[in-house]
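Visitor: File name input-v2.cif; file contents mmCIF, C-alpha atoms and all ligand atoms; full text below.
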data_run
#
loop_
_atom_site.label_atom_id
_atom_site.label_comp_id
_atom_site.auth_asym_id
_atom_site.auth_seq_id
_atom_site.Cartn_x
_atom_site.Cartn_y
_atom_site.Cartn_z
CA MET A 1 1.18 -20.71 -1.27
CA GLU A 2 -2.40 -19.84 -2.18
CA ASP A 3 -2.49 -16.11 -2.60
CA TRP A 4 -0.56 -12.87 -2.30
CA ILE A 5 -1.43 -12.49 1.38
CA ASP A 6 0.32 -15.82 2.06
CA TYR A 7 3.25 -14.58 0.01
CA TYR A 8 3.56 -11.37 2.06
CA ASP A 9 3.27 -13.43 5.25
CA SER A 10 6.22 -15.58 4.18
CA THR A 11 9.96 -14.89 4.20
CA HIS A 12 9.97 -13.24 0.79
CA THR A 13 12.65 -11.46 -1.21
CA ILE A 14 10.73 -8.35 -2.25
CA TYR A 15 13.17 -6.17 -0.32
CA ALA A 16 16.77 -6.57 -1.41
CA SER A 17 18.14 -5.87 2.07
CA LYS A 18 17.26 -4.31 5.39
CA HIS A 19 18.53 -1.00 4.00
CA HIS A 20 16.21 -1.28 0.98
CA ARG A 21 13.26 -1.99 3.29
CA ASP A 22 14.14 1.03 5.44
CA VAL A 23 14.47 3.30 2.39
CA HIS A 24 11.18 1.99 0.95
CA PHE A 25 9.16 2.61 4.12
CA GLU A 26 10.75 6.01 4.72
CA LEU A 27 9.74 7.11 1.22
CA ILE A 28 6.21 5.78 1.65
CA ALA A 29 5.84 7.44 5.06
CA ARG A 30 7.06 10.79 3.68
CA ASP A 31 4.58 10.59 0.79
CA ILE A 32 1.64 9.48 2.96
CA ALA A 33 2.37 12.25 5.47
CA GLY A 34 2.21 14.70 2.54
CA TYR A 35 -1.49 13.87 2.15
CA ILE A 36 -2.35 14.60 5.81
CA LEU A 37 -4.13 17.93 6.01
CA SER A 38 -4.38 18.38 9.79
CA LYS A 39 -2.58 17.29 12.96
CA ASP A 40 -6.05 16.25 14.23
CA ALA A 41 -6.54 13.78 11.40
CA THR A 42 -7.34 10.09 11.77
CA VAL A 43 -5.46 8.18 9.09
CA LEU A 44 -5.96 4.63 7.85
CA ASP A 45 -3.16 2.73 6.10
CA TYR A 46 -5.03 -0.16 4.39
CA ALA A 47 -2.74 -3.21 3.92
CA CYS A 48 0.19 -1.37 5.45
CA GLY A 49 2.75 -4.18 5.18
CA GLU A 50 5.61 -3.92 7.69
CA ALA A 51 4.98 -0.15 7.99
CA LEU A 52 8.45 0.36 9.44
CA SER A 53 8.21 4.16 9.34
CA ALA A 54 4.62 4.44 10.57
CA GLY A 55 5.95 6.33 13.61
CA LYS A 56 6.83 9.20 11.25
CA ILE A 57 3.30 9.26 9.79
CA ALA A 58 1.87 9.23 13.32
CA GLU A 59 3.86 12.40 14.13
CA SER A 60 1.72 14.25 11.55
CA CYS A 61 -1.72 13.11 12.74
CA ALA A 62 -3.78 12.38 15.84
CA GLU A 63 -4.40 8.69 15.19
CA LEU A 64 -2.98 6.18 12.73
CA ILE A 65 -4.83 2.92 12.05
CA LEU A 66 -2.58 0.29 10.49
CA ALA A 67 -4.61 -2.50 8.89
CA GLU A 68 -2.90 -5.59 7.52
CA PRO A 69 -4.35 -8.93 6.36
CA ALA A 70 -1.18 -11.07 6.67
CA PRO A 71 -1.29 -12.38 10.28
CA LYS A 72 2.46 -12.67 10.96
CA VAL A 73 3.15 -9.26 9.45
CA ARG A 74 0.30 -7.82 11.51
CA SER A 75 1.61 -9.23 14.79
CA ARG A 76 5.09 -7.83 14.06
CA VAL A 77 3.56 -4.42 13.32
CA ALA A 78 1.48 -4.60 16.53
CA ALA A 79 4.59 -5.47 18.58
CA ARG A 80 6.65 -2.74 16.90
CA PHE A 81 4.17 0.01 17.75
CA ALA A 82 2.78 -1.35 21.02
CA THR A 83 4.11 1.65 22.94
CA ASN A 84 3.02 4.31 20.44
CA PRO A 85 -0.30 5.67 21.78
CA LYS A 86 -1.26 7.11 18.38
CA ILE A 87 -1.03 3.80 16.49
CA ILE A 88 -3.72 1.10 16.43
CA VAL A 89 -3.30 -2.16 14.51
CA HIS A 90 -6.24 -4.06 12.99
CA SER A 91 -6.98 -6.86 10.58
CA LEU A 92 -8.90 -5.82 7.46
CA ASP A 93 -12.01 -7.58 8.81
CA GLU A 94 -11.88 -5.52 12.01
CA LEU A 95 -12.18 -2.34 9.95
CA ARG A 96 -15.84 -3.20 9.34
CA ASP A 97 -16.50 -2.57 13.05
CA LEU A 98 -15.08 0.98 13.04
CA PRO A 99 -17.60 3.82 13.20
CA ALA A 100 -18.83 5.27 9.91
CA GLY A 101 -17.42 8.69 9.04
CA SER A 102 -14.42 8.40 11.37
CA ILE A 103 -11.44 8.59 8.96
CA ASP A 104 -9.96 11.73 7.38
CA LEU A 105 -7.46 10.02 5.11
CA ALA A 106 -7.31 6.42 3.91
CA VAL A 107 -4.30 5.20 1.95
CA MET A 108 -4.15 1.98 -0.03
CA ASN A 109 -0.64 1.85 -1.41
CA SER A 110 0.67 -0.94 -3.60
CA VAL A 111 -2.31 -3.17 -2.82
CA ALA A 112 -4.79 -2.92 -5.73
CA GLN A 113 -2.59 -5.07 -7.96
CA TYR A 114 -2.89 -8.01 -5.55
CA MET A 115 -6.68 -7.84 -5.21
CA THR A 116 -9.27 -9.32 -7.51
CA GLN A 117 -11.58 -6.74 -9.09
CA HIS A 118 -14.29 -7.86 -6.68
CA GLN A 119 -12.04 -7.54 -3.61
CA LEU A 120 -11.05 -4.03 -4.68
CA GLU A 121 -14.69 -3.01 -5.20
CA GLU A 122 -15.61 -4.33 -1.73
CA ALA A 123 -12.65 -2.53 -0.13
CA LEU A 124 -13.52 0.77 -1.85
CA THR A 125 -17.10 0.51 -0.60
CA MET A 126 -16.02 -0.39 2.94
CA VAL A 127 -13.50 2.49 3.06
CA LYS A 128 -16.11 4.91 1.74
CA ARG A 129 -18.31 4.14 4.74
CA LEU A 130 -15.40 4.89 7.08
CA LEU A 131 -14.46 8.21 5.48
CA LYS A 132 -15.73 11.53 6.80
CA ALA A 133 -17.78 13.56 4.31
CA ASP A 134 -14.66 15.58 3.38
CA GLY A 135 -12.27 12.67 3.81
CA GLN A 136 -9.98 11.46 1.05
CA LEU A 137 -8.83 8.11 -0.22
CA VAL A 138 -5.42 7.78 -1.87
CA VAL A 139 -4.84 4.67 -3.99
CA GLY A 140 -1.16 4.46 -4.80
CA ASP A 141 1.30 2.41 -6.83
CA VAL A 142 -1.32 1.22 -9.31
CA LEU A 143 0.13 -0.74 -12.24
CA PRO A 144 -0.76 0.66 -15.66
CA PRO A 145 -1.56 -1.87 -18.41
CA GLU A 146 1.71 -1.50 -20.28
CA LEU A 147 3.93 -1.89 -17.21
CA GLY A 148 6.22 -4.89 -17.53
CA MET A 149 8.63 -6.44 -15.05
CA MET A 150 11.61 -4.69 -16.71
CA THR A 151 10.27 -1.21 -15.81
CA ASP A 152 10.00 -2.32 -12.16
CA VAL A 153 13.52 -3.76 -12.31
CA LEU A 154 14.96 -0.49 -13.69
CA ALA A 155 13.12 1.57 -11.06
CA LEU A 156 14.55 -0.68 -8.33
CA LEU A 157 18.08 -0.40 -9.75
CA ARG A 158 17.82 3.41 -9.89
CA LEU A 159 16.67 3.48 -6.25
CA ALA A 160 19.45 1.05 -5.30
CA THR A 161 22.10 3.16 -7.04
CA LYS A 162 20.88 6.31 -5.28
CA HIS A 163 20.80 4.67 -1.84
CA GLY A 164 23.86 2.42 -2.09
CA PHE A 165 22.34 -1.08 -2.23
CA LEU A 166 22.96 -1.93 -5.89
CA TRP A 167 24.77 -5.21 -5.21
CA ASP A 168 22.00 -6.39 -2.86
CA ALA A 169 19.40 -5.36 -5.46
CA LEU A 170 21.10 -7.40 -8.19
CA LEU A 171 21.31 -10.44 -5.89
CA SER A 172 17.66 -10.10 -4.88
CA LEU A 173 16.56 -9.93 -8.52
CA VAL A 174 18.19 -13.30 -9.09
CA LYS A 175 16.57 -14.72 -5.92
CA THR A 176 13.18 -13.29 -6.92
CA ALA A 177 13.47 -14.79 -10.40
CA LEU A 178 13.88 -18.21 -8.75
CA SER A 179 11.24 -17.65 -6.06
CA ASP A 180 7.53 -18.06 -5.36
CA TYR A 181 7.05 -14.47 -6.50
CA ARG A 182 7.70 -15.33 -10.12
CA GLN A 183 5.46 -18.39 -9.93
CA LEU A 184 2.67 -16.45 -8.25
CA ARG A 185 2.98 -13.64 -10.76
CA ALA A 186 2.57 -16.23 -13.52
CA THR A 187 -0.32 -18.11 -11.87
CA LEU A 188 -2.28 -15.53 -9.84
CA GLY A 189 -1.09 -12.54 -11.89
CA LEU A 190 -1.31 -8.91 -10.92
CA GLN A 191 -4.18 -6.54 -11.70
CA HIS A 192 -3.32 -3.66 -14.02
CA TYR A 193 -5.55 -0.60 -14.59
CA SER A 194 -5.45 2.27 -17.03
CA ALA A 195 -5.94 5.67 -15.40
CA ALA A 196 -9.42 5.84 -16.96
CA ASP A 197 -10.31 2.37 -15.63
CA MET A 198 -9.20 3.16 -12.08
CA ILE A 199 -11.07 6.49 -12.10
CA ALA A 200 -14.18 4.68 -13.41
CA LYS A 201 -13.81 2.04 -10.68
CA LEU A 202 -13.55 4.71 -8.00
CA GLU A 203 -16.54 6.57 -9.47
CA ALA A 204 -18.61 3.36 -9.53
CA ALA A 205 -17.81 2.94 -5.81
CA GLY A 206 -19.10 6.46 -5.06
CA TYR A 207 -16.00 8.66 -5.30
CA ARG A 208 -14.87 11.43 -7.59
CA ALA A 209 -11.23 10.83 -8.42
CA THR A 210 -8.23 12.26 -10.21
CA ARG A 211 -4.77 10.95 -10.92
CA ALA A 212 -2.04 12.58 -8.82
CA LYS A 213 0.99 14.06 -10.59
CA ILE A 214 3.40 11.94 -8.54
CA ASN A 215 3.16 8.29 -7.51
CA ILE A 216 3.72 7.33 -3.87
CA GLY A 217 7.16 5.74 -3.46
CA HIS A 218 10.03 5.38 -5.91
CA ASN A 219 8.44 3.96 -9.06
CA GLN A 220 7.07 6.78 -11.18
CA ALA A 221 5.91 4.39 -13.92
CA ARG A 222 3.07 3.47 -11.51
CA MET A 223 0.12 5.72 -10.64
CA THR A 224 -1.57 7.29 -7.62
CA PHE A 225 -5.21 8.41 -7.50
CA VAL A 226 -6.83 10.81 -5.06
CA ALA A 227 -10.53 10.25 -4.42
CA HIS A 228 -13.24 12.03 -2.42
CA ARG A 229 -16.61 10.67 -1.40
CA ILE A 230 -19.62 11.75 -3.37
CA GLY A 231 -22.38 12.22 -0.84
C1 LIG B 1 3.56 -4.56 -1.69
S1 LIG B 1 2.83 -4.76 -0.11
C2 LIG B 1 2.41 -3.06 0.24
C3 LIG B 1 2.55 -2.74 1.69
C4 LIG B 1 2.48 -1.24 2.00
N1 LIG B 1 1.15 -0.71 1.72
C5 LIG B 1 3.54 -0.48 1.22
O1 LIG B 1 3.19 0.40 0.44
O2 LIG B 1 4.72 -0.79 1.43
C6 LIG B 1 1.27 -5.49 -0.51
C7 LIG B 1 0.30 -5.59 0.66
O3 LIG B 1 -0.96 -6.04 0.16
C8 LIG B 1 -1.48 -7.02 1.03
N2 LIG B 1 -2.35 -7.87 0.23
C9 LIG B 1 -2.03 -8.84 -0.65
N3 LIG B 1 -3.12 -9.38 -1.20
C10 LIG B 1 -4.18 -8.70 -0.69
C11 LIG B 1 -5.59 -8.80 -0.86
N4 LIG B 1 -6.13 -9.69 -1.70
N5 LIG B 1 -6.38 -7.95 -0.15
C12 LIG B 1 -5.85 -7.05 0.70
N6 LIG B 1 -4.51 -6.91 0.90
C13 LIG B 1 -3.69 -7.74 0.22
C14 LIG B 1 -0.26 -7.74 1.59
O4 LIG B 1 -0.53 -8.40 2.81
C15 LIG B 1 0.72 -6.58 1.72
O5 LIG B 1 0.58 -5.95 2.97
#
Output the file's structure in the form of structure tokens.
Guide:
Amino acid sequence: MEDWIDYYDSTHTIYASKHHRDVHFELIARDIAGYILSKDATVLDYACGEALSAGKIAESCAELILAEPAPKVRSRVAARFATNPKIIVHSLDELRDLPAGSIDLAVMNSVAQYMTQHQLEEALTMVKRLLKADGQLVVGDVLPPELGMMTDVLALLRLATKHGFLWDALLSLVKTALSDYRQLRATLGLQHYSAADMIAKLEAAGYRATRAKINIGHNQARMTFVAHRIG
């Protein structure tokens, strides 16, 4: 396995169970929908993963573009939403062909940690071109520098307790500890950013940005940033 895209394209153990996956994507969809300002909006979910609840996001906007780099994930997403006229599925490369200034809201949730600094800079620049002048970019689930694996584990266990999948969560933690995830985390690592660093990165890419009060999803030790194009 060469990179995190390969990992997400594999049969991984990130979700403890089907129920965990459903809960995760419902939470994400609810939070993304909260950023949609108009029913006429065109929304981009950049590296959307399985996007199981994308149908709910699509109910709040005119068009939802789901972009995903992992080819098997992407074809499952395309098959899942083939009959939803509001949802379009693309690779990340295909986003370059979209018209400039066509997106009202772009969301990049739980992705920045898997990208190199250079990949993130390129993605921020590419998304900026796609955004309308008053469009916004939301970068969610960013790992702060001090965040260790134990904080993630505790956040998962709290979610599991609340939604009744504690046993599955405990089992999946053991599986994950023995899996490619742990090896990849040790070899490839994950990118962490302080709030100031992420805001500076967004500013360098041509946005003005602030940290949101609440992170997208269940893990409030991680951070979300809301950015608007400058010019
Ligand atoms: C934790 S999942 C997040 C999926 C979804 N956005 C969510 O919030 O559930 C990480 C996503 O990042 C994508 N990814 C991994 N490495 C990447 C990279 N270098 N560039 C772009 N996307 C990447 C994976 O394919 C996967 O869809």
Visitor: Residues within 6 Å of A:Leu130, please, as an mmCIF file with C-alpha atoms, keeping the file's coordinate frame. Count only C-alpha atoms; anything in the same chain fewer than 6 positions from it doesn't count.
Guide:
data_model
loop_
_atom_site.group_PDB
_atom_site.id
_atom_site.type_symbol
_atom_site.label_atom_id
_atom_site.label_comp_id
_atom_site.auth_asym_id
_atom_site.auth_seq_id
_atom_site.Cartn_x
_atom_site.Cartn_y
_atom_site.Cartn_z
ATOM 1 C CA ALA A 100 -18.830 5.270 9.910
ATOM 2 C CA GLY A 101 -17.420 8.690 9.040
ATOM 3 C CA SER A 102 -14.420 8.400 11.370
ATOM 4 C CA ILE A 103 -11.440 8.590 8.960
#
Visitor: Which distance in Å separates atom CA of A:Ala67 and atom CA of A:Gly135, to one decimal?
Guide: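 Spanning atom CA of A:Ala67 to atom CA of A:Gly135 is a straight-line distance of 17.7 Å.
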Visitor: Please identify every polymer residue within 6 Å of ligand LIG 1 (chain B), using all atoms listed in the file, and present the set as a list in words.
Guide: Trp4, Ile5, Tyr8, Ala47, Cys48, Gly49, Glu68, Pro69, Ala70, Asn109, Ser110, Val111, Tyr114 and Met115 of chain A
Visitor: My list of candidates is A:Lys86, A:His12, A:Lys128, A:Lys162. Which is closest to A:His218 when distances are computed with all atoms listed in the file?
Guide: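 Of A:Lys86, A:His12, A:Lys128, A:Lys162, the one nearest A:His218, counting all atoms listed in the file, is A:Lys162.
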Visitor: Please report the interatomic distance between atom CA of A:Tyr193 and atom CA of A:Gln113 in Å with one decimal.
Guide: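 So the answer is 8.5 Å.
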Visitor: Suppose you want the space between atom CA of A:Ala106 and atom CA of A:Tyr7; what is it in Å?
Guide: 23.8 Å
Visitor: My list of candidates is A:Ile57, A:Leu184, A:Ala82, A:Val226. Which is closest to A:Leu27 when distances are computed with all atoms listed in the file?
Guide: A:Ile57
Visitor: Which residues are near A:Lys18? Cut-off 10 Å, only C-alpha atoms, ignore same chain within fewer than 6 positions. Put them as a ChimeraX atom specification.
Guide: /A:24,165,168
Visitor: Emit the selected residues as a compact mmCIF listing (two decimals), in the frame of the given file, including C-alpha atoms.
Guide:
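The result, stored in selection.txt:
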# COMPACT_ATOMS: atom_id res chain seq x y z
CA HIS A 24 11.18 1.99 0.95
CA PHE A 165 22.34 -1.08 -2.23
CA ASP A 168 22.00 -6.39 -2.86
Visitor: Just the residues within 10 Å of A:Asp104, please, counting only C-alpha atoms, with nothing from its chain fewer than 3 positions along; format it as a list of chain:residue names.
Guide: A:Ile36, A:Leu37, A:Ser38, A:Asp40, A:Ala41, A:Thr42, A:Val43, A:Leu44, A:Cys61, A:Gly101, A:Leu130, A:Leu131, A:Lys132, A:Ala133, A:Asp134, A:Gly135, A:Gln136, A:Leu137
Visitor: Could those residues be written to a file, using C-alpha atoms, as a compact mmCIF listing (two decimals), in the frame of the given file?
Guide:
# COMPACT_ATOMS: atom_id res chain seq x y z
CA ILE A 36 -2.35 14.60 5.81
CA LEU A 37 -4.13 17.93 6.01
CA SER A 38 -4.38 18.38 9.79
CA ASP A 40 -6.05 16.25 14.23
CA ALA A 41 -6.54 13.78 11.40
CA THR A 42 -7.34 10.09 11.77
CA VAL A 43 -5.46 8.18 9.09
CA LEU A 44 -5.96 4.63 7.85
CA CYS A 61 -1.72 13.11 12.74
CA GLY A 101 -17.42 8.69 9.04
CA LEU A 130 -15.40 4.89 7.08
CA LEU A 131 -14.46 8.21 5.48
CA LYS A 132 -15.73 11.53 6.80
CA ALA A 133 -17.78 13.56 4.31
CA ASP A 134 -14.66 15.58 3.38
CA GLY A 135 -12.27 12.67 3.81
CA GLN A 136 -9.98 11.46 1.05
CA LEU A 137 -8.83 8.11 -0.22
Visitor: Give the centre and edge lengths of an axis-aligned box, in Å to one decimal, that holds all listed atoms of stretch 134-144 of chain A with 5 Å on each side, as JSON.
Guide:
{"center_x": -6.7, "center_y": 7.4, "center_z": -5.9, "size_x": 26.0, "size_y": 26.3, "size_z": 29.5}
Visitor: In terms of the shortest atom-to-atom distance over all atoms listed in the file, which of A:Ile216, A:Ala209, A:Ile199, A:Leu170 is closest to A:Thr13?
Guide: A:Leu170
Visitor: Out of A:Gln220, A:Asn84, A:Ser91, A:Gln191, which residue has the shortest atom-to-atom distance to A:Gly55 when counting all atoms listed in the file?
Guide: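 Answer, going by the shortest atom-to-atom distance: A:Asn84.
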Visitor: Please identify all polymer residues within 10 Å of A:His20, counting only C-alpha atoms, omitting same-chain residues fewer than 5 positions from it, and present them as a PyMOL selection string.
Guide: chain A and resi 14-15+25-26+156+159-160+163-166+168-169
Visitor: Looking at A:Val142, A:Ala54, A:Leu95, A:Ala205, which one is nearest to A:Asp22, with distances taken over all atoms listed in the file?
Guide: A:Ala54
Visitor: Under the rule that all atoms listed in the file are counted, which of A:Lys201, A:Arg30, A:Arg208, A:His90 is the nearest residue to A:Gln117?
Guide: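 Distance minimum relative to A:Gln117 lands on A:Lys201.
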Visitor: Mind checking which residues fall within 9 Å of A:Met223, counting only C-alpha atoms, ignoring those fewer than 5 positions away in the same chain, and posting them as a PyMOL selection string?
Guide: chain A and resi 139-144+195+211-216
